[in-house]
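What follows is a single structure, written as structure tokens, with notes after it.
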Amino acid sequence: MSQTLEPVLGEATVQELREAVRGEVLTPEEDGYAEAAPVWNGMHAGKRPALVVRCTGPADVIAAVGFARSKDLTVAVRGGGHSVAGFSTVDDGIVIDLGPMRHVRVDAEARRVEVGGGAVWADVDHETQVHGLATTGGLVSTTGVAGFTLGGGIGWLMRKHGLACDNLLGADVVTASGRLVHASATENPELFWGLRGGGGNFGIVTQFEFELHPVGPMVYAGPVFYPADDAAALLRSFREWSPEAPDDITALVSLMTAPPLPVIPEEWHGKKVAALIAASAGPLEQGDGLVSELRAVAEPLADLLGPMPYSVIQSLIDPLWPKGIRAYFKSTNLSGLDDGVVDALCEEHLAAPGPQCEIHVHQMGGAVARVPADTTAFPEREMPFVLNAVTGWHDAAGTDAHVEWARAVVAAAGNAATGRGYSNFQGDEDASELSYGPETYERLVALKDEYDPTNVFSRNQNVRPTDHHA
Ligand SMILES: Cc1cc2nc3c(=O)[nH]c(=O)nc-3n(C[C@H](O)[C@H](O)[C@H](O)COP(=O)(O)OP(=O)(O)OC[C@H]3O[C@@H](n4cnc5c(N)ncnc54)[C@H](O)[C@@H]3O)c2cc1C
């Protein structure tokens with residue numbers, strides 16, 4: 001498929017744009033704008049786009065891109081709206097919102113699924129689980145498929161089945177010049193490379209196609225909570241266990257504050273705890289054996305690791321991360337977890353400024369590490385751990401303390417921090433070059449020069465085209 005369409009609207013007025021698209025075109029004066037404008041992260045929800053275009057299909061997206069170019073408007077593309085850095089909104093620009101495009105079509109026999117560019121992971125799991133199938137999605141089910149996959153996509157199935165981007169078979173993309181093209185291993189392969197880790201730099205994906213795997217409906221998964229006093233022992237055991245762990249299991253240690261959930265004894269609510277959270281993509285009855293050694297590190301204060309529906313582990317922490325919460329993440333890849341790093345992270349844990357400050361150490365490896373480095377743009381696949389300082393708070397006055405704390409957590413990792421990392425876990429803008437490292441970044445720039453030489457798609461971890469350096 002390759003269909004050339006000139007930027008369609010020229011000097012069109014907003015009224016002409018309305019006539020050209022099927023979805024809503026909302027200006028600040030109109031009903032619906034107040035609901036349509038804000039993004040998930042409360043830090044960025046106050047931005048006032050000049051226009052929100054709620055696209056219903058590729059033709060609307062093409063029209064919106066053409067309109068934006070004719071008016072020289074800054075473009076913010078929105079899938080699920082969960083960008084931590086707030087990329088999917090913009091003051092005075094245009095939001096091209098794919099929110100209405102949430103279709104999911106499963107081909108159970110071929111083990112494939114087509115997913116609209118505005119779908120969230122809950123939409124995908126809902127349809128695929130009917131067939132006992134799944135592909136790697138996020139830890140929070142309201143996260144958008146688009147931004148998640150284009151950045152890479154870290155989830156519970158990754159060590160068995162790869163990152164979300166490793167399961168991508170193809171994508172329909174509206175380019176900056178208004179062309180609708182297909183990218184796959186055989187069609188526009190370099191674009192396909194860049195879409196898998198390079199974010200939204202190269203165009204607007206209107207439909208994804210993913211590979212599916214037999215998973216669920218019941219899986220062996222869930223959290224085990226320990227007192228914070230056991231955090232260092234847990235991290236050390238996690239360090240020893242991780243490299244030898246079978247691909248079926250994917251685990252994460254979270255140094256956090258116990259949420260006020262009925263499953264946690266009340267005397268622990270609001271206290272600092274360490275959680276081991278794991279999920280197995282393998283047979284239910286083998287789950288216990290995969291984690292028994294690790295979970296025995298200390299006496300848990302609550303142990304919920306066991307058989308549960310896949311859809312439950314996929315949405316377990318949704319209520320803790322509602323739309324409108326202020327959030328900031330800071331992340332780095334970790335080359336190791338020596339005792340110095342373990343102690344430093346435990347110290348930062350105790351110094352956290354609020355109850356929703358979490359230090360996540362993701363276990364990588366397995367299928368993620370087996371994909372050759374140059375197959376996708378996702379950086380440093382061989383790294384054993386990803387560190388992510390995750391913060392959420394409600395009161396604007398808490399911003400500085402939370403942001404500073406997250407930065408201090410990453411700094412505390414010292415030399416174990418490679419400095420590179422997963423672009424979707426970066427709460428700051430302009431983390432692109434840093435995230436990828438020079439070699440991958442150079443290849444991304446060459447692709448950007450080809451597909452978006454004037455940087456129409458700049459609201460992302462931006463790869464700046466050669467002629468557009470700031
Ligand atoms: C609560 C929470 C939990 C998270 N958990 C995980 C996790 O478990 N694993 C993980 O890997 N990441 C996780 N993330 C990070 C997440 O992957 C990124 O925030 C991701 O960008 C969200 O995608 P989105 O479509 O919802 O975001 P959006 O804000 O809509 O977009 C993010 C970026 O992608 C671009 N974009 C969006 N849609 C399209 C499209 N259709 N075509 C082209 N570009 C597009 C946007 O312009 C923007 O630059 C989490 C984030 C949050 C807030």
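Residue names in the structure tokens use chain letters A, B, ... in the order shown, residue numbers from 1 in each chain, and ligand numbers from 1 in the order shown.
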
Query raised in the report: Using only C-alpha atoms and all ligand atoms, what are the residues with an atom within 6 Å of ligand 1, set out as a ChimeraX atom specification?
Result: /A:76-84,87-88,117,138-140,143-148,153-155,199-200,203-206,321,424-425,459-460

Could you write those residues out with N, CA, C and O atoms, as a compact mmCIF listing (two decimals), in the first residue's frame?
```
# COMPACT_ATOMS: atom_id res chain seq x y z
N ALA A 76 0.93 18.00 18.05
CA ALA A 76 1.08 17.00 19.11
C ALA A 76 0.18 15.82 18.74
O ALA A 76 -1.02 16.00 18.53
N VAL A 77 0.78 14.64 18.62
CA VAL A 77 0.01 13.44 18.26
C VAL A 77 -0.35 12.71 19.54
O VAL A 77 0.50 12.57 20.43
N ARG A 78 -1.61 12.27 19.63
CA ARG A 78 -2.03 11.57 20.84
C ARG A 78 -2.58 10.19 20.54
O ARG A 78 -3.44 10.01 19.70
N GLY A 79 -2.03 9.18 21.26
CA GLY A 79 -2.59 7.83 21.22
C GLY A 79 -3.40 7.63 22.48
O GLY A 79 -4.56 7.98 22.58
N GLY A 80 -2.74 7.09 23.52
CA GLY A 80 -3.42 6.91 24.81
C GLY A 80 -3.27 8.11 25.74
O GLY A 80 -3.88 8.14 26.81
N GLY A 81 -2.42 9.07 25.38
CA GLY A 81 -2.28 10.29 26.17
C GLY A 81 -1.45 10.14 27.43
O GLY A 81 -1.46 11.01 28.30
N HIS A 82 -0.68 9.04 27.56
CA HIS A 82 0.06 8.76 28.79
C HIS A 82 1.51 9.26 28.79
O HIS A 82 2.26 8.92 29.70
N SER A 83 1.91 10.01 27.79
CA SER A 83 3.30 10.46 27.77
C SER A 83 3.67 11.11 29.10
O SER A 83 3.00 12.04 29.55
N VAL A 84 4.73 10.63 29.70
CA VAL A 84 5.14 11.17 31.00
C VAL A 84 5.64 12.60 30.82
O VAL A 84 5.40 13.48 31.65
N PHE A 87 4.12 14.96 25.96
CA PHE A 87 4.29 15.24 24.54
C PHE A 87 2.98 15.31 23.76
O PHE A 87 2.94 15.92 22.70
N SER A 88 1.93 14.67 24.25
CA SER A 88 0.72 14.58 23.42
C SER A 88 -0.24 15.74 23.65
O SER A 88 -1.44 15.64 23.38
N GLY A 117 -4.66 3.04 16.12
CA GLY A 117 -3.60 3.89 16.67
C GLY A 117 -3.97 4.61 17.95
O GLY A 117 -3.10 5.20 18.59
N GLY A 138 1.46 -3.14 28.61
CA GLY A 138 2.01 -2.39 29.74
C GLY A 138 1.54 -2.87 31.10
O GLY A 138 0.63 -3.69 31.20
N LEU A 139 2.16 -2.33 32.14
CA LEU A 139 1.81 -2.69 33.52
C LEU A 139 0.56 -1.97 33.98
O LEU A 139 -0.02 -2.32 35.00
N VAL A 140 0.16 -0.92 33.25
CA VAL A 140 -1.08 -0.19 33.55
C VAL A 140 -1.93 -0.23 32.28
O VAL A 140 -1.48 0.16 31.21
N THR A 143 -2.64 2.62 29.52
CA THR A 143 -1.54 3.16 28.70
C THR A 143 -1.83 2.88 27.22
O THR A 143 -2.30 1.81 26.86
N GLY A 144 -1.51 3.86 26.38
CA GLY A 144 -1.77 3.71 24.95
C GLY A 144 -0.84 2.71 24.29
O GLY A 144 0.35 2.65 24.61
N VAL A 145 -1.38 1.97 23.34
CA VAL A 145 -0.58 1.01 22.58
C VAL A 145 0.46 1.75 21.73
O VAL A 145 1.61 1.32 21.60
N ALA A 146 0.06 2.91 21.20
CA ALA A 146 0.91 3.59 20.21
C ALA A 146 2.23 4.08 20.80
O ALA A 146 3.30 3.61 20.42
N GLY A 147 2.14 5.02 21.75
CA GLY A 147 3.38 5.56 22.32
C GLY A 147 4.22 4.46 22.95
O GLY A 147 5.44 4.44 22.84
N PHE A 148 3.55 3.55 23.62
CA PHE A 148 4.21 2.42 24.31
C PHE A 148 5.05 1.59 23.32
O PHE A 148 6.23 1.33 23.53
N GLY A 153 8.37 -0.77 24.72
CA GLY A 153 7.28 -1.51 25.35
C GLY A 153 7.73 -2.60 26.29
O GLY A 153 7.93 -3.76 25.90
N ILE A 154 7.90 -2.22 27.57
CA ILE A 154 8.34 -3.14 28.63
C ILE A 154 7.11 -3.70 29.34
O ILE A 154 6.29 -2.93 29.85
N GLY A 155 6.95 -5.02 29.38
CA GLY A 155 5.78 -5.59 30.04
C GLY A 155 6.04 -7.00 30.54
O GLY A 155 7.15 -7.55 30.37
N GLY A 199 10.13 6.02 18.67
CA GLY A 199 9.03 6.89 19.06
C GLY A 199 8.24 7.42 17.87
O GLY A 199 8.29 6.87 16.77
N GLY A 200 7.52 8.51 18.10
CA GLY A 200 6.62 9.06 17.08
C GLY A 200 7.30 10.02 16.12
O GLY A 200 6.64 10.89 15.54
N GLY A 203 6.18 9.58 11.81
CA GLY A 203 4.85 9.62 11.24
C GLY A 203 3.82 9.22 12.28
O GLY A 203 4.16 8.93 13.42
N ILE A 204 2.57 9.22 11.84
CA ILE A 204 1.47 8.88 12.75
C ILE A 204 0.96 7.48 12.40
O ILE A 204 0.51 7.25 11.27
N VAL A 205 1.06 6.58 13.34
CA VAL A 205 0.64 5.20 13.07
C VAL A 205 -0.88 5.11 13.28
O VAL A 205 -1.39 5.39 14.36
N THR A 206 -1.57 4.73 12.22
CA THR A 206 -3.03 4.63 12.31
C THR A 206 -3.46 3.21 12.66
O THR A 206 -4.55 2.99 13.17
N TRP A 321 -2.85 4.92 39.60
CA TRP A 321 -2.33 5.89 38.62
C TRP A 321 -3.47 6.47 37.80
O TRP A 321 -3.54 6.28 36.57
N ASN A 424 10.68 6.11 26.74
CA ASN A 424 9.33 6.28 27.31
C ASN A 424 9.35 6.48 28.82
O ASN A 424 8.34 6.89 29.40
N PHE A 425 10.46 6.16 29.47
CA PHE A 425 10.55 6.36 30.92
C PHE A 425 11.25 7.68 31.27
O PHE A 425 11.66 7.86 32.41
N ARG A 459 6.94 16.77 18.89
CA ARG A 459 6.52 16.56 20.28
C ARG A 459 6.71 15.08 20.62
O ARG A 459 5.76 14.29 20.66
N ASN A 460 7.96 14.74 20.87
CA ASN A 460 8.35 13.37 21.22
C ASN A 460 9.78 13.46 21.73
O ASN A 460 10.35 14.55 21.76
```

Report task. Would you please give, as a PyMOL selection string, all residues of range 149-365 of chain A that DSSP assigns to strand (DSSP E) based on the backbone? Result -> chain A and resi 168-174+180-184+204-211+213-214+218-227+249-257+272-280+302-303+306-309+326-334+357-363

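Here CA of Ala278 in chain A and CA of Leu252 in chain A stand 6.3 Å from one another.
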
Query raised in the report: What residues in range 258-402 of chain A get the DSSP label helix (DSSP H, G or I)? Please answer as a ChimeraX atom specification.
Result: /A:266-268,284-295,310-313,318-320,339-350,367-370,373-375,396-402

Query - Within 10 Å of Ala281 in chain A using only C-alpha atoms, minus same-chain residues under 6 positions, as number ranges by chain - result: A: 134, 156-161, 213-216, 218-221, 247-250, 287, 310

For those residues, write C-alpha atoms to a file as an mmCIF file, in the first residue's frame.
```cif
data_model
loop_
_atom_site.group_PDB
_atom_site.id
_atom_site.type_symbol
_atom_site.label_atom_id
_atom_site.label_comp_id
_atom_site.auth_asym_id
_atom_site.auth_seq_id
_atom_site.Cartn_x
_atom_site.Cartn_y
_atom_site.Cartn_z
ATOM 1 C CA ALA A 134 -1.885 -11.949 24.301
ATOM 2 C CA TRP A 156 5.172 -8.873 31.845
ATOM 3 C CA LEU A 157 5.546 -11.069 28.770
ATOM 4 C CA MET A 158 8.768 -9.536 27.487
ATOM 5 C CA ARG A 159 11.366 -12.065 28.625
ATOM 6 C CA LYS A 160 9.411 -14.847 26.935
ATOM 7 C CA HIS A 161 8.003 -13.016 23.907
ATOM 8 C CA HIS A 213 0.947 -15.893 21.850
ATOM 9 C CA PRO A 214 -1.000 -18.365 23.963
ATOM 10 C CA VAL A 215 -1.274 -16.713 27.407
ATOM 11 C CA GLY A 216 -3.938 -17.101 30.093
ATOM 12 C CA MET A 218 -5.109 -17.716 34.148
ATOM 13 C CA VAL A 219 -1.442 -16.956 34.740
ATOM 14 C CA TYR A 220 0.874 -17.255 37.713
ATOM 15 C CA ALA A 221 1.477 -13.638 38.761
ATOM 16 C CA ASP A 247 12.443 -16.799 30.099
ATOM 17 C CA ASP A 248 8.943 -17.685 31.273
ATOM 18 C CA ILE A 249 9.268 -15.360 34.233
ATOM 19 C CA THR A 250 9.557 -11.568 34.206
ATOM 20 C CA GLY A 287 4.833 -20.782 38.184
ATOM 21 C CA TYR A 310 -4.036 -12.310 32.994
#
```

Query - Surrounding residues of Ser435 in chain A excluding itself and chain neighbours under 2 positions, 12 Å, only C-alpha atoms, as a PyMOL selection string - result: chain A and resi 151+197-199+330-333+377-380+417-426+428-433+437-441+461-463

**Report entry** Spatial neighbours of range 233-240 of chain A, 9 Å, only C-alpha atoms, chain gap at least 2 places, as an NGL selection string
**Finding:** :A and (226 or 229-231 or 242-244 or 251-253 or 274-276 or 293-295 or 297-298 or 336-339 or 342 or 361 or 363)

Go ahead and write the selection's residues with N, CA and C atoms as a compact mmCIF listing (two decimals), in the first residue's frame.
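Output saved as selection.txt:
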```txt
# COMPACT_ATOMS: atom_id res chain seq x y z
N TYR A 226 7.32 -7.08 51.30
CA TYR A 226 8.21 -7.30 52.45
C TYR A 226 8.43 -5.95 53.17
N ASP A 229 12.93 -3.05 55.68
CA ASP A 229 14.18 -3.55 56.25
C ASP A 229 14.76 -4.70 55.43
N ASP A 230 13.93 -5.37 54.66
CA ASP A 230 14.40 -6.49 53.84
C ASP A 230 14.70 -6.08 52.40
N ALA A 231 14.60 -4.77 52.12
CA ALA A 231 14.76 -4.32 50.73
C ALA A 231 16.13 -4.69 50.16
N SER A 242 18.29 -13.29 38.88
CA SER A 242 17.83 -12.81 37.57
C SER A 242 18.53 -13.43 36.37
N PRO A 243 19.88 -13.47 36.34
CA PRO A 243 20.53 -13.92 35.10
C PRO A 243 20.21 -15.38 34.75
N GLU A 244 19.95 -16.20 35.77
CA GLU A 244 19.69 -17.63 35.52
C GLU A 244 18.20 -17.94 35.40
N ALA A 251 10.25 -10.35 36.19
CA ALA A 251 10.05 -9.83 37.55
C ALA A 251 10.55 -8.41 37.67
N LEU A 252 10.10 -7.79 38.74
CA LEU A 252 10.41 -6.39 39.00
C LEU A 252 10.47 -6.23 40.51
N VAL A 253 11.47 -5.49 41.01
CA VAL A 253 11.45 -5.11 42.43
C VAL A 253 11.03 -3.65 42.51
N ALA A 274 9.10 -3.16 50.40
CA ALA A 274 9.75 -3.59 49.14
C ALA A 274 8.85 -4.67 48.54
N ALA A 275 8.55 -4.53 47.27
CA ALA A 275 7.68 -5.51 46.62
C ALA A 275 8.44 -6.24 45.52
N LEU A 276 8.23 -7.55 45.49
CA LEU A 276 8.65 -8.35 44.34
C LEU A 276 7.38 -8.59 43.54
N GLU A 293 12.55 -19.80 45.20
CA GLU A 293 13.84 -19.46 45.81
C GLU A 293 13.90 -17.97 46.15
N LEU A 294 13.49 -17.16 45.21
CA LEU A 294 13.58 -15.71 45.38
C LEU A 294 12.60 -15.21 46.45
N ARG A 295 11.39 -15.70 46.42
CA ARG A 295 10.38 -15.15 47.33
C ARG A 295 10.66 -15.54 48.78
N VAL A 297 13.26 -15.05 50.40
CA VAL A 297 14.34 -14.22 50.92
C VAL A 297 14.04 -13.67 52.32
N ALA A 298 12.78 -13.45 52.63
CA ALA A 298 12.40 -12.90 53.94
C ALA A 298 10.93 -13.25 54.19
N GLY A 336 24.60 -3.36 36.26
CA GLY A 336 24.66 -4.31 37.37
C GLY A 336 24.04 -3.71 38.61
N LEU A 337 24.04 -4.50 39.66
CA LEU A 337 23.40 -4.07 40.91
C LEU A 337 24.34 -4.43 42.06
N ASP A 338 25.53 -3.81 42.08
CA ASP A 338 26.46 -4.22 43.13
C ASP A 338 25.97 -3.71 44.50
N ASP A 339 26.64 -4.13 45.56
CA ASP A 339 26.14 -3.80 46.90
C ASP A 339 26.05 -2.29 47.12
N VAL A 342 22.84 -1.16 45.54
CA VAL A 342 21.72 -1.64 46.36
C VAL A 342 21.54 -0.73 47.58
N VAL A 361 13.15 -1.63 39.72
CA VAL A 361 14.28 -2.28 39.04
C VAL A 361 13.68 -3.42 38.22
N GLN A 363 13.76 -6.51 35.67
CA GLN A 363 14.61 -7.58 35.18
C GLN A 363 14.48 -7.63 33.65
```

Requested in this report: Return the single residue from A:Gly99, A:Gly66, A:Gly398, A:Gly306 that is closest to Ala37 in chain A, with distances computed using only C-alpha atoms.
Outcome: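 Selected residue with least distance to Ala37 in chain A: A:Gly99.
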
Report task. Work out how far CA of Pro353 in chain A is from CA of Phe225 in chain A, in Å to one decimal. Result ->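 So the answer is 20.5 Å.
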
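Note that the spacing between CA of Gly414 in chain A and CA of Val390 in chain A amounts to 18.1 Å.
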
Query raised in the report: Any idea what's packed within 8 Å of Gly365 in chain A, counting only C-alpha atoms, ignoring anything in its chain fewer than 3 positions away? Could you give it as a list in words?
Result: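 Result of the neighbour search: Arg159, Pro243, Val368, Ala369, Arg370, Arg381, Glu382, Met383, Pro384 and Phe385 of chain A.
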
Let's have the selection written as a short mmCIF file (atom, residue, chain, number, x, y, z; two decimals), in the first residue's frame, with all heavy atoms.
```cif
data_model
loop_
_atom_site.label_atom_id
_atom_site.label_comp_id
_atom_site.auth_asym_id
_atom_site.auth_seq_id
_atom_site.Cartn_x
_atom_site.Cartn_y
_atom_site.Cartn_z
N ARG A 159 10.21 -11.17 28.63
CA ARG A 159 11.37 -12.06 28.63
C ARG A 159 11.08 -13.36 27.88
O ARG A 159 11.98 -14.05 27.41
CB ARG A 159 11.84 -12.34 30.06
CG ARG A 159 12.55 -11.11 30.66
CD ARG A 159 12.88 -11.28 32.10
NE ARG A 159 13.14 -12.64 32.48
CZ ARG A 159 14.32 -13.28 32.34
NH1 ARG A 159 15.36 -12.64 31.87
NH2 ARG A 159 14.43 -14.53 32.70
N PRO A 243 19.88 -13.47 36.34
CA PRO A 243 20.53 -13.92 35.10
C PRO A 243 20.21 -15.38 34.75
O PRO A 243 20.22 -15.75 33.59
CB PRO A 243 22.03 -13.77 35.40
CG PRO A 243 22.15 -13.02 36.66
CD PRO A 243 20.86 -13.07 37.38
N VAL A 368 14.32 -10.37 25.18
CA VAL A 368 14.67 -8.97 24.87
C VAL A 368 16.14 -8.91 24.41
O VAL A 368 16.47 -8.24 23.44
CB VAL A 368 14.46 -8.06 26.10
CG1 VAL A 368 14.90 -6.63 25.80
CG2 VAL A 368 13.01 -8.10 26.57
N ALA A 369 16.98 -9.63 25.14
CA ALA A 369 18.42 -9.54 24.88
C ALA A 369 18.83 -10.35 23.65
O ALA A 369 19.93 -10.16 23.12
CB ALA A 369 19.18 -10.03 26.11
N ARG A 370 17.97 -11.26 23.20
CA ARG A 370 18.35 -12.11 22.06
C ARG A 370 18.12 -11.46 20.69
O ARG A 370 18.61 -11.95 19.68
CB ARG A 370 17.62 -13.45 22.14
CG ARG A 370 18.29 -14.42 23.12
CD ARG A 370 17.80 -15.83 22.90
NE ARG A 370 16.38 -15.92 23.17
CZ ARG A 370 15.85 -16.12 24.38
NH1 ARG A 370 16.65 -16.25 25.41
NH2 ARG A 370 14.56 -16.18 24.55
N ARG A 381 19.88 -3.46 24.52
CA ARG A 381 19.06 -4.62 24.87
C ARG A 381 19.75 -5.60 25.80
O ARG A 381 19.12 -6.41 26.45
CB ARG A 381 18.71 -5.40 23.59
CG ARG A 381 17.70 -4.74 22.75
CD ARG A 381 17.51 -5.52 21.48
NE ARG A 381 16.36 -5.01 20.76
CZ ARG A 381 15.12 -5.37 20.99
NH1 ARG A 381 14.86 -6.27 21.91
NH2 ARG A 381 14.13 -4.85 20.32
N GLU A 382 21.08 -5.55 25.79
CA GLU A 382 21.83 -6.54 26.56
C GLU A 382 21.88 -6.19 28.05
O GLU A 382 22.34 -7.00 28.85
CB GLU A 382 23.25 -6.69 25.99
CG GLU A 382 24.20 -5.50 26.25
CD GLU A 382 23.96 -4.28 25.37
OE1 GLU A 382 22.94 -4.21 24.65
OE2 GLU A 382 24.80 -3.35 25.42
N MET A 383 21.42 -5.01 28.42
CA MET A 383 21.54 -4.60 29.82
C MET A 383 20.66 -5.47 30.72
O MET A 383 19.51 -5.75 30.38
CB MET A 383 21.15 -3.13 29.99
CG MET A 383 22.24 -2.21 29.53
SD MET A 383 23.75 -2.47 30.46
CE MET A 383 24.97 -2.34 29.17
N PRO A 384 21.17 -5.89 31.88
CA PRO A 384 20.40 -6.81 32.71
C PRO A 384 19.23 -6.16 33.46
O PRO A 384 18.27 -6.83 33.81
CB PRO A 384 21.45 -7.34 33.71
CG PRO A 384 22.53 -6.30 33.75
CD PRO A 384 22.55 -5.67 32.39
N PHE A 385 19.35 -4.85 33.73
CA PHE A 385 18.30 -4.19 34.52
C PHE A 385 18.00 -2.79 33.95
O PHE A 385 18.88 -2.14 33.40
CB PHE A 385 18.74 -4.01 35.98
CG PHE A 385 19.09 -5.30 36.67
CD1 PHE A 385 20.41 -5.64 36.93
CD2 PHE A 385 18.08 -6.19 37.05
CE1 PHE A 385 20.73 -6.83 37.56
CE2 PHE A 385 18.40 -7.40 37.68
CZ PHE A 385 19.72 -7.72 37.93
#
```

Query raised in the report: Near Gln356 in chain A, counting only C-alpha atoms, which residues have an atom at most 7 Å away, once you skip same-chain residues fewer than 3 positions from it, shown as a PyMOL selection string?
Result: chain A and resi 257+391-393

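Candidate residues A:Ala122, A:Leu98, A:Ala413, A:Ala373 were compared for distance to Trp193 in chain A, and the nearest is A:Ala373, using only C-alpha atoms.
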
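Minimum atom-to-atom distance to Pro259 in chain A, evaluated using only C-alpha atoms, belongs to A:Glu358 out of A:Asp172, A:Glu347, A:Asp374, A:Glu358.
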
Requested in this report: Find, counting only C-alpha atoms, the residue in A:Val410, A:Val52, A:Ala389, A:Leu444 that gets nearest to Thr74 in chain A.
Outcome: A:Val52
